[in-house]
Structure formats: structure tokens, C-alpha cells
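Worksheet: one structure, shown below.
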Protein chains: 2
Amino acid sequence: MKEITSTKNAYIKELKKLDKKKYRDETNRYIVEGEHLVQEAIKAGAAIEGVLCTETGQMLYEDMAKEVCIEDVYLVTEEVMKSLSSVPAPQGIIAVIRKGKEEAIPQSGTFLLLDGVQDPGNVGTMIRTADAAGIKTVILGEGTADIYNSKVLRSMQGSHFHVTVRQAVLTEVIAEMKENNIQVYGTELNPEAVSYRTVEKANEFALVMGNEGQGVSKEVLALTDKQLYIPIVGQAESLNVAIAAGILMFSLT
Amino acid sequence: MKEITSTKNAYIKELKKLDKKKYRDETNRYIVEGEHLVQEAIKAGAAIEGVLCTETGQMLYEDMAKEVCIEDVYLVTEEVMKSLSSVPAPQGIIAVIRKGKEEAIPQSGTFLLLDGVQDPGNVGTMIRTADAAGIKTVILGEGTADIYNSKVLRSMQGSHFHVTVRQAVLTEVIAEMKENNIQVYGTELNPEAVSYRTVEKANEFALVMGNEGQGVSKEVLALTDKQLYIPIVGQAESLNVAIAAGILMFSLT
């Protein structure tokens with residue numbers, strides 16, 4: 001096991017740059033952090049370039065490593081780990097992962113489409129919930145937080161290893177869905193829309209969730225087959241978008 | 001309008017201490033921030049001790065102030081506002097609110113009980129969702145984030161002005177509910193529990209949601225009438241607790 005003791009080490013400096021989307025895209029890599037996510041990456045057979053762990057993290061790693069052979073494992077100091085970590089109290093284990101080949105968007109099935117959802121926590125939680133609801137594909141439209149952002153990864157809890165997640169232009173994706181006769185549901189805070197409680201479960205559909213403040217863009221909404229809304233009984237003006245997505249996904253599937 | 005230009009002003013130093021629960025409890029006050037929350041406080045007739053705004057915030061305030069008379073309004077510098085704000089880009093308006101007299105816990109109706117929910121964002125979002133679902137009372141049990149924490153307030157979006165929120169010992173509250181014949185539902189990640197889809201809507205019930213990692217404590221679970229679970233179809237191991245609460249509340253009400 002190689003050791004890295006300085007935050008100025010060239011590899012560490014390179015990895016630090018992976019907190020920028022631009023550099024992740026250029027080098028086709030990203031970082032996952034913590035026992036659960038590294039384990040999920042191993043379980044999913046992700047292309048792991050390397051694992052970095054502190055002395056504490058080493059024990060976590062040795063438990064996992066029984067099942068897999070990873071070439072580059074580095075023992076790093078707490079200081080080096082802190083410099084890479086995105087949380088105040090790191091668990092002491094990080095994996096550097098090569099992004100897989102982008103899978104094609106399926107021609108059928110169930111889909112969650114995100115239109116300008118900005119908050120990384122919301123995006124990650126929605127992908128995790130889609131996974132739990134059995135939705136197979138999530139499409140991240142323009143203005144949506146990047147899937148490899150550390151906060152998205154943290155709230156997603158490894159669901160991107162189970163669900164196909166793709167970036168795409170939503171108007172194009174929806175046009176193709178219509179050719180394939182997939183019902184596309186928009187969501188609106190508009191009581192003239194259809195209450196989600198009246199919509200029957202289906203094996204094929206796409207659900208579009210929109211930006212936290214603005215909702216689904218007009219352009220995208222115009223392409224949907226139905227607009228759904230969640231009737232609000234109390235005095236709250238709206239629901240958090242991830243909560244609304246959860247209620248809708250578990251009602252539609 | 002009085003002016004405050006120094007972060008060392010005695011009133012500002014006092015207000016800064018309100019980010020500690022201990023000091024909020026001692027002085028019976030808390031701070032809400034931003035246009036929406038200050039407006040909600042005015043609309044709800046909350047006891048507003050004072051409003052602080054920057055030049056930008058002043059315009060927001062003047063729109064609101066048409067409807068209400070607040071004695072102490074302070075014009076403060078951007079620097080003073082930043083020193084009080086809990087967000088990176090303050091909107092420039094803050095209100096200091098006196099906590100109301102604690103209302104008694106109702107003897108009937110619908111309830112959300114939180115057992116050791118630690119994440120302030122989760123707690124706030126759940127109270128906002130309870131409000132939207134028409135649930136009237138939320139009880140914060142031991143180990144649950146404080147309702148006047150700035151992150152809780154931010155994700156709650158003013159719902160504490162619409163819903164009764166109380167801190168209490170859950171085992172005592174549940175014991176009383178049982179005397180009043182209110183069904184108490186626990187939640188568990190256990191397929192031997194009852195699927196929430198089989199439970200009928202009701203006018204009276206209490207739903208208990210638990211800690212992010214540990215779930216509902218054994219002690220509390222033992223007192224519940226039924227344990228509900230949400231069937232997971234995909235490979236996600238669990239749902240975020242606020243998402244699970246949203247699905248359950250909208251299914252039960």
C-alpha cells in the first residue's frame with residue numbers, strides 16, 4: 001500500500017480538482033466518499049481507479065476488499081483525507097471512479113425527468129426515491145445539478161449504480177417518448193391540473209419535476225400529455241419538490 | 001427608523017446569541033430571515049419584537065408594513081446583516097419574534113410524531129409537508145432538531161405558524177393518545193410490518209417517524225398500534241425519512 005502524507009502531492013492536487021464539474025467531464029472521473037458509497041461502487045462493479053484511506057478507513061476497506069481486487073490503494077494522513085473530503089467529519093475512505101460508458105436512453109419503461117432542479121440534495125434524494133419506487137431511468141435536463149456533485153452523490157446513496165441516469169435535452173427526449181407512445185406527466189401547482197389521485201398506475205410513463213421556485217418550464221409543460229397536481233389541504237403554499245416527486249412516484253408505480 | 005452600523009452594537013451581539021437553542025429558550029425569542037418568512041410572521045400575527053433590514057431589505061419591508069405596525073425597525077449595514085444571517089446571500093430582512101404561549105396538545109385529530117429526527121432540513125420539510133397534508137399537530141420528541149434552528153425554519157417555510165408544534169416526551173404523549181382511542185402508527189423498514197397501501201384513510205391518527213439511521217426507537221415502537229412500511233421495488237436500501245413521511249401522510253389523510 002502506497003502512502004501519501006502531503007496535501008501537495010501531485011495525485012492529491014489532481015483529485016481535488018474533481019470537485020469541479022468541468023474537470024470531472026474532462027477526465028471522466030469522479031469521487032465517492034464513505035463506507036456505504038465505496039461498498040456500493042464495489043458491489044456494482046464500477047471501474048474503481050483507486051481507493052484512498054486513512055488508518056481508520058483502512059479497516060473499512062479491508063472488509064470490503066475481500067470481494068474485489070483494486071490496483072491502487074493509498075494510505076493517507078487525516079490531513080490529506082480532510083483536504084479531499086466534502087464533509088466535516090470524514091469516515092476515512094474515498095474511491096476514485098471512472099465514469100462508465102453512457103447507456104442509451106431506453107425506448108420504454110418508467111422515467112423521472114428533472115427540469116432545472118438546482119438543489120443537489122433534492123436531485124440526489126429524487127434519484128434515490130426513483131430507485132426505491134422501481135423507476136428505471138432518470139433524465140437530468142438543462143439547469144439540473146450535476147449527478148457527480150458531492151452533495152448529489154451523498155443524498156443519492158449509490159442509486160446511480162442501480163438506475164440509468166443521463167443528461168439530455170428534455171424537449172428532445174419527450175419528443176421521442178411521444179413517438180414511443182409513453183405518457184408524459186408534467187407537474188403544476190395549478191388546481192386546474194389533474195389530481196394525481198385520479199391517475200391510474202402504469203407500466204410506462206414519464207414524470208417531469210421542475211425547478212424549486214419556477215416549476216416545470218412552459219416549453220416542457222407544453223409537450224406533456226397531462227399535468228398533475230397534489231391537492232394541498234392545509235395552509236402550506238407548496239411542497240418541497242423532492243417530497244412531491246416521492247408522493248407522485250409511489251402513487252404512479 | 002433607527003440605524004445600526006456596527007456588528008459590535010449591543011443589540012446585534014444579543015441577537016447573534018439566538019443561534020444557540022439555550023439562549024432562545026432563556027429569552028423566549030427566535031429569528032426568522034428572508035421576505036417569505038417575515039411575511040408569514042406578519043400574516044400569522046406573530047409577536048414581532050423588531051425588524052432589521054438593509055437598504056435592499058427596506059423596500060421588501062415597506063411593502064409588508066402597510067398591513068401592520070411594528071415598533072422597532074432598524075436599518076442596518078450589509079455587514080451587520082451578514083453577521084446575523086444564516087445564508088451566504090442574505091435577502092436583507094430579518095425579524096425577531098417572541099415565542100407564543102405553548103398551546104396544549106389537542107385531544108383529537110391528526111398528528112405527526114418525530115422520534116430523534118436529527119437533520120434540521122428533514123425536520124423542517126416534514127413539518128411543511130404535514131401542513132400541506134392537513135395534519136394539525138407535530139410533536140418533536142427527544143433528540144429531534146429544535147424547531148427554531150435556522151435550517152429548520154428555512155425548510156419549514158412558515159408552517160409552524162399554521163400547525164401546532166410542541167416538544168414533548170413521546171412515550172407520555174402516546175400513552176395519552178391511547179386513552180383517547182387515537183390509532184398510533186409506527187414506521188419500520190420491516191416487510192413483516194403492514195404495507196401502508198393497505199391502511200385506510202382516517203380522521204384521527206398519529207404517525208411516528210424515526211431517526212435517519214436507527215428508525216423509531218424500540219421503546220416507542222412497542223407502544224404503537226400498527227407498524228407501517230413502504231414496499232421498496234428497486235435496489236435502494238431505504239428512503240429518506242422526509243420522503244417516507246410525505247408518502248405516508250398523503251396516503252393516510
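Each chain of the C-alpha cells is named A, B, ... in the order shown, its residues numbered from 1; ligands are numbered from 1 in display order.
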Practice task
Select residues of chain A: the criterion is any atom within 6 Å of an atom of chain B, counting only C-alpha atoms; output as JSON, numbers by chain.
Solution key: {"A": [131, 132, 133, 134, 232, 233, 234, 236, 243, 246, 247]}
Handout entry: DSSP alpha helix (DSSP H) residues within range 3-219 of chain A, as a PyMOL selection string
Key = chain A and resi 10-16+21-27+35-43+55-65+78-84+120-133+150-156+170-179+218-219
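For Ala95 in chain A, the set of protein, DNA and RNA residues having any atom at most 6 Å away, when counting only C-alpha atoms and skipping those fewer than 4 positions along the same chain, is Ile31, Val32, Gly50 and Val51 of chain A.
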Write a file of the selected residues as a compact mmCIF listing (two decimals), in the first residue's frame, keeping C-alpha atoms.
```
# COMPACT_ATOMS: atom_id res chain seq x y z
CA ILE A 31 -15.05 10.67 -6.29
CA VAL A 32 -17.32 8.82 -3.89
CA GLY A 50 -8.09 3.89 -6.78
CA VAL A 51 -9.05 3.85 -3.11
```
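Between CA of Val117 in chain A and CA of Val216 in chain A there is a distance of 9.1 Å.
Of the residues in range 141-237 of chain B, those that DSSP places in strand (DSSP E or B) on the basis of the backbone are Thr164, Val165, Arg166, Gln167, Gln183, Val184, Tyr185, Gly186, Thr187, Val194, Ser195, Phe205, Ala206, Leu207, Val208, Met209, Gly210, Asn211, Gly215, Lys226, Gln227, Leu228 and Tyr229 of chain B.
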Requested write-out: N, CA, C and O atoms of the selected residues, as a JSON list (two decimals), in the first residue's frame:
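Generated file (again-v4.json):
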```json
[["chain", "number", "residue", "atom", "x", "y", "z"],
["B", 164, "THR", "N", -49.73, 23.35, 15.00],
["B", 164, "THR", "CA", -49.22, 23.35, 16.37],
["B", 164, "THR", "C", -47.98, 22.46, 16.45],
["B", 164, "THR", "O", -48.05, 21.29, 16.10],
["B", 165, "VAL", "N", -46.86, 23.03, 16.87],
["B", 165, "VAL", "CA", -45.64, 22.24, 17.02],
["B", 165, "VAL", "C", -45.22, 22.29, 18.49],
["B", 165, "VAL", "O", -45.11, 23.37, 19.07],
["B", 166, "ARG", "N", -45.04, 21.14, 19.09],
["B", 166, "ARG", "CA", -44.69, 21.07, 20.51],
["B", 166, "ARG", "C", -43.54, 20.09, 20.76],
["B", 166, "ARG", "O", -43.45, 19.07, 20.09],
["B", 167, "GLN", "N", -42.71, 20.40, 21.73],
["B", 167, "GLN", "CA", -41.72, 19.43, 22.20],
["B", 167, "GLN", "C", -42.34, 18.64, 23.33],
["B", 167, "GLN", "O", -42.99, 19.22, 24.20],
["B", 183, "GLN", "N", -55.48, 5.94, 16.91],
["B", 183, "GLN", "CA", -54.58, 4.92, 16.36],
["B", 183, "GLN", "C", -53.18, 5.52, 16.20],
["B", 183, "GLN", "O", -53.03, 6.59, 15.62],
["B", 184, "VAL", "N", -52.17, 4.81, 16.70],
["B", 184, "VAL", "CA", -50.79, 5.28, 16.57],
["B", 184, "VAL", "C", -50.02, 4.34, 15.64],
["B", 184, "VAL", "O", -49.93, 3.14, 15.91],
["B", 185, "TYR", "N", -49.53, 4.89, 14.52],
["B", 185, "TYR", "CA", -48.78, 4.09, 13.55],
["B", 185, "TYR", "C", -47.29, 4.32, 13.69],
["B", 185, "TYR", "O", -46.83, 5.46, 13.56],
["B", 186, "GLY", "N", -46.54, 3.27, 13.94],
["B", 186, "GLY", "CA", -45.08, 3.36, 13.86],
["B", 186, "GLY", "C", -44.65, 3.11, 12.42],
["B", 186, "GLY", "O", -45.46, 2.74, 11.57],
["B", 187, "THR", "N", -43.37, 3.33, 12.14],
["B", 187, "THR", "CA", -42.87, 3.02, 10.80],
["B", 187, "THR", "C", -41.62, 2.17, 10.97],
["B", 187, "THR", "O", -40.81, 2.40, 11.85],
["B", 194, "VAL", "N", -46.94, -3.75, 8.18],
["B", 194, "VAL", "CA", -48.09, -3.69, 7.26],
["B", 194, "VAL", "C", -47.77, -2.69, 6.15],
["B", 194, "VAL", "O", -47.34, -1.57, 6.43],
["B", 195, "SER", "N", -48.00, -3.06, 4.89],
["B", 195, "SER", "CA", -47.79, -2.10, 3.81],
["B", 195, "SER", "C", -48.74, -0.92, 3.99],
["B", 195, "SER", "O", -49.93, -1.10, 4.23],
["B", 205, "PHE", "N", -55.42, 9.99, 13.69],
["B", 205, "PHE", "CA", -54.31, 9.04, 13.78],
["B", 205, "PHE", "C", -53.06, 9.82, 14.17],
["B", 205, "PHE", "O", -53.00, 11.05, 14.06],
["B", 206, "ALA", "N", -52.05, 9.07, 14.63],
["B", 206, "ALA", "CA", -50.73, 9.65, 14.85],
["B", 206, "ALA", "C", -49.72, 8.79, 14.09],
["B", 206, "ALA", "O", -49.78, 7.56, 14.15],
["B", 207, "LEU", "N", -48.84, 9.45, 13.35],
["B", 207, "LEU", "CA", -47.81, 8.75, 12.59],
["B", 207, "LEU", "C", -46.46, 9.06, 13.23],
["B", 207, "LEU", "O", -46.13, 10.23, 13.41],
["B", 208, "VAL", "N", -45.70, 8.03, 13.57],
["B", 208, "VAL", "CA", -44.38, 8.25, 14.18],
["B", 208, "VAL", "C", -43.27, 7.99, 13.16],
["B", 208, "VAL", "O", -43.21, 6.91, 12.57],
["B", 209, "MET", "N", -42.41, 8.98, 12.93],
["B", 209, "MET", "CA", -41.25, 8.81, 12.07],
["B", 209, "MET", "C", -40.00, 8.84, 12.95],
["B", 209, "MET", "O", -39.94, 9.59, 13.92],
["B", 210, "GLY", "N", -38.98, 8.06, 12.57],
["B", 210, "GLY", "CA", -37.83, 7.91, 13.46],
["B", 210, "GLY", "C", -36.53, 8.50, 12.93],
["B", 210, "GLY", "O", -36.48, 9.10, 11.86],
["B", 211, "ASN", "N", -35.49, 8.29, 13.69],
["B", 211, "ASN", "CA", -34.14, 8.76, 13.38],
["B", 211, "ASN", "C", -33.66, 8.26, 12.00],
["B", 211, "ASN", "O", -33.99, 7.15, 11.59],
["B", 215, "GLY", "N", -34.07, 4.62, 12.87],
["B", 215, "GLY", "CA", -35.52, 4.46, 12.83],
["B", 215, "GLY", "C", -36.16, 4.83, 14.15],
["B", 215, "GLY", "O", -35.54, 5.46, 15.01],
["B", 226, "LYS", "N", -49.88, -0.19, 15.14],
["B", 226, "LYS", "CA", -49.53, -0.89, 13.91],
["B", 226, "LYS", "C", -48.19, -0.37, 13.45],
["B", 226, "LYS", "O", -47.89, 0.80, 13.64],
["B", 227, "GLN", "N", -47.38, -1.22, 12.81],
["B", 227, "GLN", "CA", -46.16, -0.72, 12.17],
["B", 227, "GLN", "C", -46.36, -0.73, 10.66],
["B", 227, "GLN", "O", -46.72, -1.74, 10.08],
["B", 228, "LEU", "N", -46.12, 0.43, 10.05],
["B", 228, "LEU", "CA", -46.29, 0.55, 8.60],
["B", 228, "LEU", "C", -44.92, 0.48, 7.92],
["B", 228, "LEU", "O", -43.92, 0.88, 8.48],
["B", 229, "TYR", "N", -44.90, -0.02, 6.69],
["B", 229, "TYR", "CA", -43.69, 0.11, 5.89],
["B", 229, "TYR", "C", -44.07, 0.44, 4.46],
["B", 229, "TYR", "O", -45.20, 0.22, 4.03]]
```
Exercise for the section: Might you pull out every residue within 12 Å of Tyr11 in chain A, with only C-alpha atoms counted and same-chain residues fewer than 6 positions away left off, and present them as a ChimeraX atom specification? Expected result: /A:3-5,17-18,50,52,72,74,76,80,84,96
Handout entry: Close residues, Gly143 in chain B itself excluded, 8 Å, only C-alpha atoms, min 5 positions apart in chain, as a list in words
Key =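 Counting only the stated atoms, we get Asp115, Gly116, Val117 and Gln118 of chain B.
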Keeping only N, CA and C atoms, write the selected residues to a file as an mmCIF file, in the first residue's frame.
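Generated output (again_13.cif):
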```cif
data_model
loop_
_atom_site.group_PDB
_atom_site.id
_atom_site.type_symbol
_atom_site.label_atom_id
_atom_site.label_comp_id
_atom_site.auth_asym_id
_atom_site.auth_seq_id
_atom_site.Cartn_x
_atom_site.Cartn_y
_atom_site.Cartn_z
ATOM 1 N N ASP B 115 -39.378 11.095 16.273
ATOM 2 C CA ASP B 115 -38.611 10.430 17.321
ATOM 3 C C ASP B 115 -37.126 10.469 16.971
ATOM 4 N N GLY B 116 -36.418 11.477 17.457
ATOM 5 C CA GLY B 116 -34.978 11.556 17.221
ATOM 6 C C GLY B 116 -34.587 11.864 15.791
ATOM 7 N N VAL B 117 -35.388 12.652 15.076
ATOM 8 C CA VAL B 117 -35.008 13.058 13.719
ATOM 9 C C VAL B 117 -33.993 14.191 13.847
ATOM 10 N N GLN B 118 -32.761 13.948 13.412
ATOM 11 C CA GLN B 118 -31.665 14.864 13.728
ATOM 12 C C GLN B 118 -31.441 15.956 12.693
#
```
Practice task
Find the distance between CA of Arg24 in chain A and CA of Glu49 in chain A and write it in Å to one decimal.
Solution key: 13.7 Å
Which neighbours of Met177 in chain A fall inside 10 Å, counting only C-alpha atoms, when residues of the same chain fewer than 3 positions from it are skipped, and could you give them as a PDB file with N, CA and C atoms, in the first residue's frame?
```pdb
ATOM      1  N   PRO A 106     -33.472   4.204 -22.635  1.00  0.00           N
ATOM      2  CA  PRO A 106     -34.354   3.118 -23.080  1.00  0.00           C
ATOM      3  C   PRO A 106     -35.552   3.639 -23.883  1.00  0.00           C
ATOM      4  N   GLN A 107     -36.112   2.783 -24.709  1.00  0.00           N
ATOM      5  CA  GLN A 107     -37.263   3.153 -25.548  1.00  0.00           C
ATOM      6  C   GLN A 107     -38.587   2.942 -24.813  1.00  0.00           C
ATOM      7  N   SER A 108     -38.536   2.282 -23.657  1.00  0.00           N
ATOM      8  CA  SER A 108     -39.784   2.016 -22.936  1.00  0.00           C
ATOM      9  C   SER A 108     -39.490   1.954 -21.445  1.00  0.00           C
ATOM     10  N   THR A 171     -36.751  18.527 -24.109  1.00  0.00           N
ATOM     11  CA  THR A 171     -37.711  18.625 -25.220  1.00  0.00           C
ATOM     12  C   THR A 171     -37.441  17.524 -26.253  1.00  0.00           C
ATOM     13  N   GLU A 172     -36.183  17.220 -26.487  1.00  0.00           N
ATOM     14  CA  GLU A 172     -35.855  16.154 -27.451  1.00  0.00           C
ATOM     15  C   GLU A 172     -36.253  14.779 -26.922  1.00  0.00           C
ATOM     16  N   VAL A 173     -35.955  14.562 -25.634  1.00  0.00           N
ATOM     17  CA  VAL A 173     -36.286  13.269 -25.019  1.00  0.00           C
ATOM     18  C   VAL A 173     -37.800  13.043 -25.049  1.00  0.00           C
ATOM     19  N   ILE A 174     -38.546  14.089 -24.718  1.00  0.00           N
ATOM     20  CA  ILE A 174     -40.008  13.947 -24.658  1.00  0.00           C
ATOM     21  C   ILE A 174     -40.576  13.697 -26.064  1.00  0.00           C
ATOM     22  N   ASN A 180     -42.890   6.913 -29.059  1.00  0.00           N
ATOM     23  CA  ASN A 180     -42.985   5.569 -28.485  1.00  0.00           C
ATOM     24  C   ASN A 180     -44.241   5.377 -27.637  1.00  0.00           C
ATOM     25  N   ASN A 181     -45.179   6.330 -27.749  1.00  0.00           N
ATOM     26  CA  ASN A 181     -46.455   6.239 -27.014  1.00  0.00           C
ATOM     27  C   ASN A 181     -46.311   6.134 -25.502  1.00  0.00           C
ATOM     28  N   ILE A 182     -45.293   6.789 -24.948  1.00  0.00           N
ATOM     29  CA  ILE A 182     -45.162   6.840 -23.492  1.00  0.00           C
ATOM     30  C   ILE A 182     -45.877   8.096 -22.987  1.00  0.00           C
ATOM     31  N   GLN A 183     -46.792   7.907 -22.030  1.00  0.00           N
ATOM     32  CA  GLN A 183     -47.489   9.048 -21.426  1.00  0.00           C
ATOM     33  C   GLN A 183     -46.497   9.914 -20.658  1.00  0.00           C
ATOM     34  N   VAL A 184     -46.529  11.213 -20.902  1.00  0.00           N
ATOM     35  CA  VAL A 184     -45.634  12.124 -20.187  1.00  0.00           C
ATOM     36  C   VAL A 184     -46.457  13.034 -19.269  1.00  0.00           C
ATOM     37  N   PHE A 205     -44.461   5.304 -18.203  1.00  0.00           N
ATOM     38  CA  PHE A 205     -44.783   6.724 -18.095  1.00  0.00           C
ATOM     39  C   PHE A 205     -43.505   7.506 -17.836  1.00  0.00           C
ATOM     40  N   ALA A 206     -43.607   8.801 -18.056  1.00  0.00           N
ATOM     41  CA  ALA A 206     -42.510   9.692 -17.664  1.00  0.00           C
ATOM     42  C   ALA A 206     -43.109  10.797 -16.809  1.00  0.00           C
TER      43      ALA A 206
END
```
Handout entry: Spatial neighbours of Asn203 in chain A, 9 Å, only C-alpha atoms, chain gap at least 4 places, as a ChimeraX atom specification
Key = /A:109-110,252-253
For the selection you just gave me, I'd like the residues written to a file as a short mmCIF file (atom, residue, chain, number, x, y, z; two decimals), in the first residue's frame, keeping N, CA and C atoms.
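File written: part39.cif
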```cif
data_model
loop_
_atom_site.label_atom_id
_atom_site.label_comp_id
_atom_site.auth_asym_id
_atom_site.auth_seq_id
_atom_site.Cartn_x
_atom_site.Cartn_y
_atom_site.Cartn_z
N GLY A 109 -40.55 1.85 -20.63
CA GLY A 109 -40.36 1.75 -19.19
C GLY A 109 -40.83 2.99 -18.46
N THR A 110 -40.27 3.21 -17.28
CA THR A 110 -40.68 4.34 -16.44
C THR A 110 -39.51 5.31 -16.29
N LEU A 252 -47.83 6.47 -8.74
CA LEU A 252 -47.91 6.06 -10.15
C LEU A 252 -47.36 4.65 -10.41
N THR A 253 -46.48 4.18 -9.54
CA THR A 253 -45.86 2.85 -9.81
C THR A 253 -46.57 1.74 -9.04
#
```
